[in-house]
Each structure stands twice: as structure tokens, then as C-alpha cells.
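Student: Below is one structure. I have some questions about it.
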Amino acid sequence: MEALANKAKELLAAGTVKVVVGYGKGTGGSRRPIFVRAGERAGDLVLDSACTQNLATYLTKHEVRALGRIAVVALPSTLRSILQLAAEKQLREENVLALAIVDGGVLALATFDAIEEAVATIPDSIGEADQKMIDKLTAMSVSDRRAFWADELGRCVKCYACRSSCPMCYCERCTMDCNRPQWIPVASHAIGNLEYHMVRAMHLAGRCVQCGTCGTACPVGIPVHLLTFFAENTVRRQFGQKGGASAKLDYAMSTFKPDDKETFIR
Amino acid sequence: MSERYTISEALVGSLLQALVTAGRRVLGPKLVAGRVEIADIKSFAEVVQNGQSVVSAKGVVFPKVERLLKYRFEGKTIVLDDVEPQAQPTVLFGLRPCEARAFHALDVVFNWDSKDKFFNTRMANTTVVGLSCTQADDSCFCTSVGSRPDDPQGSDILLSPLKAGGFVAEVLTEKGRALKELAKGAFQLPPVQPDLVPPATVAPAFDAKDLQQKLAAKFDSTLWAEQSLRCLGCGACAFVCPTCVCFDIQDEADTKQGQRLRAWDSCGMRVFTLHASGHNPRDKQSQRWRQRVYHKFAYYPERLGTLGCVGCGKCSRACPVDMNLKQHLAQAATQG
């Protein structure tokens, strides 16, 4: 933790970055994202097992970008998100620096190549409980699985915390909000909820870094991350491509052109 | 005038049973798969007596999706069909006093100009049995918004736990008296000096009136941008909130028929104020966060004579990035 504070102080003092996005103390022992813009606040940074949110979400937010070059405290999943955002042309190398937390130490990674190298050495790990649930769901009959999700998604209120917390859900205009034409029912009824979550899972197939932040963000405890994990695993199996492995990958399920005539995706 | 009785622990069960027998749907805070939800209560043992449900009980009177009307095409004419509210006689049993108080904040909006028959029918069919809090947590701030953990406002009957077990039951309204009539035997004469479990301690974090005055001069403050930097712009806070009342009207139709729905909406979301032209008067998250604070703590008291917040703290607990409302308001009330 001290190493992180020192590194943050050093980067801010040298003007290498304008803000360090990291974790700080939250309500009742929880952790919250904080934005350190002055060296003397570097001591507010906290690093422990309660720091689980994927902070890459902030890298595409206008308000955060407007502060200047960002250093982000990066879990392995955050590093993968950076690569995926880079591959989708959402992030420029000169605008971000990753403070990778590897083996308890802090590693400042300033290039996508360096991040790619670091990511290659970190094994993928879905938590044990999540893996168990995926196995359980996979073994279910289609009707049992449908019943499971109908029950879980019945609690969904369409607050979109899953979408908002996901680093890969950065679109300025989401299909969910589009009403001319209205592709997906807006109301949070059974079909509206089901279609939303299915579309989200499909949009993350091949792009999901399996951080699980969407599931943690859900206020009513729906394991929505299992849907994107499953979609991601399927792409890996079928196409041998993995979300967040490289800044240069051509992805199996989606394509992106910086000169696309649609403006909403830029 | 309220009437006070005692209900022994054993008789609380018979009271619940009597309500079910009388055809009431009984809902209350209940532990479901590790979360506290407002769910069907079968026995008093199921009622979570302290701690907050994740989502409020608002949905009983203002469901997340409500059908307002139906229409169909018959030849060249359009036939409109009214929809009647689906209002089941319901008892909210063991509700936190803050949540009981929240129905008033909904009522002032749903009866502001036109009278909303859906809300009013559901409200008329709902009886609230509140339960005083004896524990609170870091997100609670009822005492900062003119209330307290044993506030009777909004409850038809308020239960307060006795040290020796059982409750003092304060029957506060006509609805409360009607409910008492369903299980007369459960309501016994009160002890002369009831020895109550002390209510939860909730230290005031700010003064709502003082905050309202401060807000008048803070509209252009940089505080809102500072506070909202971590805000993700989702609707978790609004959708768990017992007083958030904003909704969206959606038509769902095919070539033969359609229905008009009212669905929860949130001012924290970017599309909430997006104009058809593409212009968005609240284009930044800081403006949306400011709106949330001002709506509840400035515009409500100014225009509707009540706060748009009961200090339950559900928003803070549900927020994926720990936007703690109490802390943010205390900061707004003390700074500058």
C-alpha cells in the first residue's frame, strides 16, 4: 500500500499523470473509487482484498478524461479491459498508465505492449463459486435453466448498474435506450428484462474480461456476470479468441472501424 | 388520538394469522437468499426486525411497471380500454418507520394536480404496521431529515419492542383501527409504564432546513462535480428509493393493439432529460447528481412542503460505487 502511495505521489509530482484512479475507504469498511489529483492525498489510496471493482470503467468517462492523463490502479481484469478498450479504439496509449497490482507489488505499465506482456503471465481465474454456478447451470436442462433465470431476472429493476459499471459498456447511445425504433421493451417486465440481459451478454461475447463487476454492482444480487462469462467462454472455445488479451486483436463477434459513419459508437 | 396496547410475542403470530384469514396479503422485510426483500410473510419469525430491505416497499403502491390503458384498432377506429388498478388489500407488516413515512412523499406528487387513480387505489388498500428500529447503520440518517427511529408518522399501527418481549402497539389511524378489529384479542391493555427497548441511536449528520438554505447559494458550486466524479449514472439509487417517484411512459404496440405502461425512471440516467432534438439540458453527470440532491432537499420542500427523502439510506447501500448520500449532504451543509 505504501509502494502504491509513493508511486502515485511520484507520478503526480512529476506531472506524468494528472489523476490517479484508485480505491479509498468507503462506508462501513467497504472500498470506493477515489480520484487522487494531488500528491498529499496519495495516502488516501487503499489496497486490500476488498478492492474488487474494475476501475477501467472510468477510463472512458468524459468527466474523468477531462482531468488529463490517468493512472489507474489495475487488477488483472483492469489490465485486460485496457487492452480491450485499446483494441476497440476507445483508449490512446498516451492517455493512460496502469498501476498493475501484481504479486502484491505495484508495476507502472505505460504502454499497451507492456500491459500485454503482463497479462500474458497472469492466469485466467474465474472465482470458485462462479465456476461452480456455471457448471451447475450448464448441467441443467434448458427448461430448468430458463426457470432459474426467469426467477433471478424477476428481481431486475432495470437500474442498469450492470451496464454502467462495465468497462466495456461505454457506448454513448445504447440499444436499450433507443426508441426510434424501440428494439427492446424499456419497461422492467419479464420480456423486457430477459431481452436486455440476453443482448448485453451477446454484446460482451468475445469482449468480456470476466471481472464480475456487473454482478457485484447489481443491487438485487442477480448473478448477471454469469451470463457474460458464459458468452465469453463460448467464444473462447469456438474461436480461440479472448476478450482483453491484446490491444491489436481482430475480434470474432464484433468489428470496429474508426471511420464508421455511425457517430454514436465513436 | 392514538390508542396504545400491548401485543405479546405469542399474539403477534395470531394477529398475522388473522390478517391472512381475513384475506389480506401480508408483506414485510424478510430474508430471501441472503438479502432483505419486501416479501410475503407467513409467520412473525420471518419478519426482519432491524436492518433495511434492499428495495423499498414503494412497489406496493407504485409498481416498477404499471399498465395505464389498452387500445386496439377496429377497422379504422381506435378503441380505448380503461385499465383498473390491481389493488389487493395489503398489510405491510414490520416496515421500518422511515419507509412508512415515505408514502407521504409519494402521495404529494401523485395528488399534486390530477389525482392518480392507480396510486390512490393501491394506497387506500394498503395498511402499514411499522416497527420501531432498535439498530441502525452508517447509511441511516432519519434524524437529519426530521424523523427518528421510532417515528409514528406514516404508520397506521406502530409496534415498538418491549424489553421483556412483545410490543407496544400504537394504533394511529382509521386504517389501523380497522386492522385491529380483525384481531381484537391480540391487542391487550398496555402496561402502565412500558419498558421499551431503546430506539436506535442515529446521530444527526446535518439539518435539513439548514441544508435547504445552503443549497440556494450552491447551484453553481464545483462541489457537485467533485462528489459525482465516481457516480456511474445508473439508477440503482432511484430504484431502491422509497420516495423517488419519476416515471417514464412507454407504449408497447403491434399493428392490432397496444398498451401504455408507466415504468420507473431515474434522473441519474443520461437519457432521462435527452430531448428529441439531441440536446440534453443535463448532459453531465454532475448536473444529474445535483438535480437528485436539489429535487429532494430544495424543490420538494419549496413546492410540496415536504422533503423528498426519509433518510433510510437505501440509495447509499445499493450504490455500486458507495455514493453515500448522508456524507455528501453533510458536506453540502457544512461547506461554504
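Convention: chains lettered A, B, ... in C-alpha cells order; per-chain residue numbering from 1; ligands numbered from 1 as shown.
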Please identify all residues of chain A having at least one atom at most 6 Å from any atom of chain B, considering only C-alpha atoms, and return them as a list in words.
Tutor: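 Matching residues, ligands excluded from the count: Arg32, Cys159, Tyr160, Ala161, Ser164, Ala187, Ala217 and Pro219 of chain A.
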Student: If we count only C-alpha atoms, what is near Phe73 in chain B at a cut-off of 8 Å, once residues fewer than 3 positions away on the same chain are taken out, given as a list in words?
Tutor: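 So the residues in contact are Lys76, Thr77, Ile78, Val79, Thr255, Lys256 and Gln257 of chain B.
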Student: What would the file look like if the residues just selected were written as a short mmCIF file (atom, residue, chain, number, x, y, z; two decimals), in the first residue's frame with N, CA and C atoms?
Tutor:
data_model
loop_
_atom_site.label_atom_id
_atom_site.label_comp_id
_atom_site.auth_asym_id
_atom_site.auth_seq_id
_atom_site.Cartn_x
_atom_site.Cartn_y
_atom_site.Cartn_z
N LYS B 76 -61.08 1.21 -38.93
CA LYS B 76 -60.37 2.48 -38.94
C LYS B 76 -60.49 3.24 -37.62
N THR B 77 -61.17 2.62 -36.65
CA THR B 77 -61.30 3.30 -35.36
C THR B 77 -60.35 2.69 -34.33
N ILE B 78 -60.02 3.53 -33.40
CA ILE B 78 -59.18 3.08 -32.29
C ILE B 78 -60.05 3.00 -31.05
N VAL B 79 -60.08 1.85 -30.43
CA VAL B 79 -60.90 1.66 -29.23
C VAL B 79 -59.98 1.71 -28.02
N THR B 255 -49.44 -4.06 -34.70
CA THR B 255 -50.34 -3.44 -35.68
C THR B 255 -51.81 -3.56 -35.29
N LYS B 256 -52.11 -4.40 -34.28
CA LYS B 256 -53.52 -4.62 -33.92
C LYS B 256 -53.90 -3.96 -32.60
N GLN B 257 -52.93 -3.90 -31.68
CA GLN B 257 -53.27 -3.42 -30.34
C GLN B 257 -52.03 -2.88 -29.64
#
Student: Given only C-alpha atoms as the basis, pick out the residue of A:Cys214, A:Ile34, A:Val72, A:Ala87 nearest to Lys257 in chain A.
Tutor: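 Residue with the minimum atom-to-atom distance to Lys257 in chain A: A:Ala87.
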Student: Can you pull out every residue within 6 Å of Ala71 in chain A, counting only C-alpha atoms, but drop anything in the same chain fewer than 2 positions away, and send it as a PyMOL selection string?
Tutor: chain A and resi 20+96-98
Student: Please run DSSP on the backbone and report, as a PyMOL selection string, all residues within range 6-166 of chain B that come out as strand (DSSP E or B).
Tutor: chain B and resi 6-7+25-32+35-40+47+65-74+77-82+90-95+126-131+157-162
Student: Please, could you write that set of residues out with C-alpha atoms as a compact mmCIF listing (two decimals), in the first residue's frame?
Tutor:
# COMPACT_ATOMS: atom_id res chain seq x y z
CA THR B 6 -49.55 -4.35 24.15
CA ILE B 7 -49.22 -7.37 21.93
CA ARG B 25 -51.81 -10.02 1.53
CA VAL B 26 -49.15 -9.62 4.21
CA LEU B 27 -45.76 -8.34 3.09
CA GLY B 28 -42.78 -7.35 5.15
CA PRO B 29 -39.00 -7.25 5.33
CA LYS B 30 -37.87 -10.85 5.02
CA LEU B 31 -34.57 -12.61 4.45
CA VAL B 32 -34.54 -14.18 0.98
CA ARG B 35 -30.97 -10.31 1.03
CA VAL B 36 -33.73 -8.50 2.84
CA GLU B 37 -36.67 -8.16 0.48
CA ILE B 38 -40.22 -6.96 0.91
CA ALA B 39 -41.85 -10.35 0.51
CA ASP B 40 -44.78 -12.50 1.62
CA VAL B 47 -40.05 -10.53 9.81
CA VAL B 65 -44.30 -1.41 -14.32
CA GLU B 66 -47.98 -0.42 -14.31
CA ARG B 67 -50.40 -0.70 -17.23
CA LEU B 68 -52.40 2.52 -17.57
CA LEU B 69 -54.56 1.78 -20.60
CA LYS B 70 -55.02 -0.53 -23.54
CA TYR B 71 -56.02 0.26 -27.09
CA ARG B 72 -56.89 -1.70 -30.18
CA PHE B 73 -57.61 -0.97 -33.79
CA GLU B 74 -61.05 -1.96 -35.08
CA THR B 77 -61.30 3.30 -35.36
CA ILE B 78 -59.18 3.08 -32.29
CA VAL B 79 -60.90 1.66 -29.23
CA LEU B 80 -59.52 2.76 -25.88
CA ASP B 81 -59.91 0.39 -22.94
CA ASP B 82 -59.50 1.65 -19.42
CA THR B 90 -52.31 -5.46 1.63
CA VAL B 91 -50.71 -5.10 5.03
CA LEU B 92 -47.08 -4.03 5.17
CA PHE B 93 -46.04 -5.67 8.39
CA GLY B 94 -42.96 -4.66 10.36
CA LEU B 95 -41.98 -1.89 7.97
CA THR B 126 -52.58 -0.65 1.98
CA THR B 127 -52.24 -0.64 5.75
CA VAL B 128 -48.86 -0.02 7.30
CA VAL B 129 -47.79 -1.71 10.52
CA GLY B 130 -44.49 -0.01 11.32
CA LEU B 131 -41.85 -1.40 13.62
CA ILE B 157 -50.11 0.98 13.68
CA LEU B 158 -46.62 1.32 15.13
CA LEU B 159 -45.05 -1.54 17.03
CA SER B 160 -42.24 -0.82 19.48
CA PRO B 161 -40.44 -3.76 21.07
CA LEU B 162 -40.62 -4.25 24.84
Student: With a distance cut-off of 7 Å and only C-alpha atoms, select the neighbouring residues of Ala252 in chain A, excluding the residue or stretch itself and same-chain residues fewer than 3 positions from it, and output the selection as a list in words.
Tutor: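 So the residues in contact are Gly206, Phe239 and Gln241 of chain A.
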Student: As an exercise, work out the distance from CA of Asp107 in chain B to CA of Lys218 in chain B in Å and give it to one decimal place.
Tutor: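 Interatomic distance, CA of Asp107 in chain B to CA of Lys218 in chain B: 28.6 Å.
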Student: Report the distance between CA of Ala245 in chain A and CA of Thr216 in chain A in Å, rounded to one decimal place.
Tutor: 22.9 Å
Student: Within 12 Å of range 108-118 of chain A, counting only C-alpha atoms, which residues qualify if same-chain residues fewer than 4 places away don't, as a PyMOL selection string?
Tutor: chain A and resi 3-4+6-8+10-11+16-17+20+69-87+91-103+122-123+244-249
Student: Which neighbours of Ala201 in chain A fall inside 6 Å, counting only C-alpha atoms, when residues of the same chain fewer than 2 positions from it are skipped, and could you give them as a ChimeraX atom specification?
Tutor: /A:198-199,203-204,227-228
Student: With distances taken over only C-alpha atoms, which of A:Ala150, A:Gly22, A:Thr60, A:Phe35 is nearest to Glu88 in chain A?
Tutor: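 Using only C-alpha atoms, Glu88 in chain A sits closest to A:Thr60.
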Student: Could you give me, as a tab-separated table (two decimals) with C-alpha atoms, in the first residue's frame, each residue of range 90-228 of chain B that DSSP assigns to helix (DSSP H, G or I) when run on this structure's backbone?
Tutor:
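New file out27.tsv:
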chain	number	residue	atom	x	y	z
B	97	PRO	CA	-40.66	3.83	10.25
B	98	CYS	CA	-38.63	5.71	7.61
B	99	GLU	CA	-40.28	3.71	4.87
B	100	ALA	CA	-43.72	4.17	6.40
B	101	ARG	CA	-43.11	7.91	6.30
B	102	ALA	CA	-42.05	7.75	2.64
B	103	PHE	CA	-45.60	7.16	1.35
B	104	HIS	CA	-46.43	10.79	2.11
B	105	ALA	CA	-43.66	11.97	-0.23
B	106	LEU	CA	-45.18	9.81	-2.99
B	107	ASP	CA	-48.69	10.99	-2.17
B	108	VAL	CA	-47.87	14.68	-2.60
B	109	VAL	CA	-46.68	14.02	-6.15
B	110	PHE	CA	-49.39	11.58	-7.23
B	117	LYS	CA	-56.24	6.58	-9.51
B	118	PHE	CA	-53.64	3.81	-9.66
B	119	PHE	CA	-51.60	5.14	-6.77
B	120	ASN	CA	-54.64	6.19	-4.75
B	121	THR	CA	-56.47	2.87	-5.14
B	122	ARG	CA	-53.37	0.95	-4.12
B	123	MET	CA	-52.70	3.31	-1.23
B	124	ALA	CA	-56.29	3.02	0.01
B	142	CYS	CA	-33.53	9.70	9.59
B	143	THR	CA	-32.70	12.14	12.41
B	144	SER	CA	-31.22	14.58	9.86
B	174	GLU	CA	-58.71	4.69	10.99
B	175	LYS	CA	-56.98	2.04	8.88
B	176	GLY	CA	-55.11	0.95	11.97
B	177	ARG	CA	-58.35	0.66	13.94
B	178	ALA	CA	-59.91	-1.37	11.13
B	179	LEU	CA	-56.95	-3.72	11.20
B	180	LYS	CA	-57.22	-4.04	14.98
B	181	GLU	CA	-60.86	-5.08	14.58
B	182	LEU	CA	-59.68	-8.12	12.61
B	184	LYS	CA	-59.14	-7.82	18.68
B	185	GLY	CA	-57.80	-10.48	21.01
B	186	ALA	CA	-54.22	-9.69	20.13
B	208	ALA	CA	-32.34	19.61	6.51
B	209	LYS	CA	-33.63	23.19	6.85
B	210	ASP	CA	-30.11	24.50	7.07
B	211	LEU	CA	-29.16	22.40	4.05
B	212	GLN	CA	-32.07	23.80	2.07
B	213	GLN	CA	-30.86	27.33	2.74
B	214	LYS	CA	-27.29	26.46	1.83
B	215	LEU	CA	-28.41	24.85	-1.43
B	216	ALA	CA	-29.95	28.15	-2.55
B	223	LEU	CA	-19.00	20.51	-5.19
B	224	TRP	CA	-21.40	18.58	-7.41
B	225	ALA	CA	-18.72	17.73	-9.94
B	226	GLU	CA	-16.38	16.69	-7.13
B	227	GLN	CA	-18.95	14.49	-5.46
B	228	SER	CA	-20.21	12.87	-8.64
Student: Using CA of Ala190 in chain A and CA of Val235 in chain A as the two end points, give the distance in Å to one decimal.
Tutor: 27.0 Å
Student: List the spatial neighbours of Glu2 in chain A as JSON, numbers by chain - criterion: any atom at most 10 Å away, only C-alpha atoms, same-chain residues fewer than 4 positions off excluded.
Tutor: {"A": [6, 7, 8, 42, 43, 45, 46, 47, 105, 106]}
Student: My list of candidates is A:Asp130, A:Glu262, A:Asp124, A:Asp135. Which is closest to Lys242 in chain A when distances are computed with only C-alpha atoms?
Tutor: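 Closest residue, counting only C-alpha atoms: A:Asp124.
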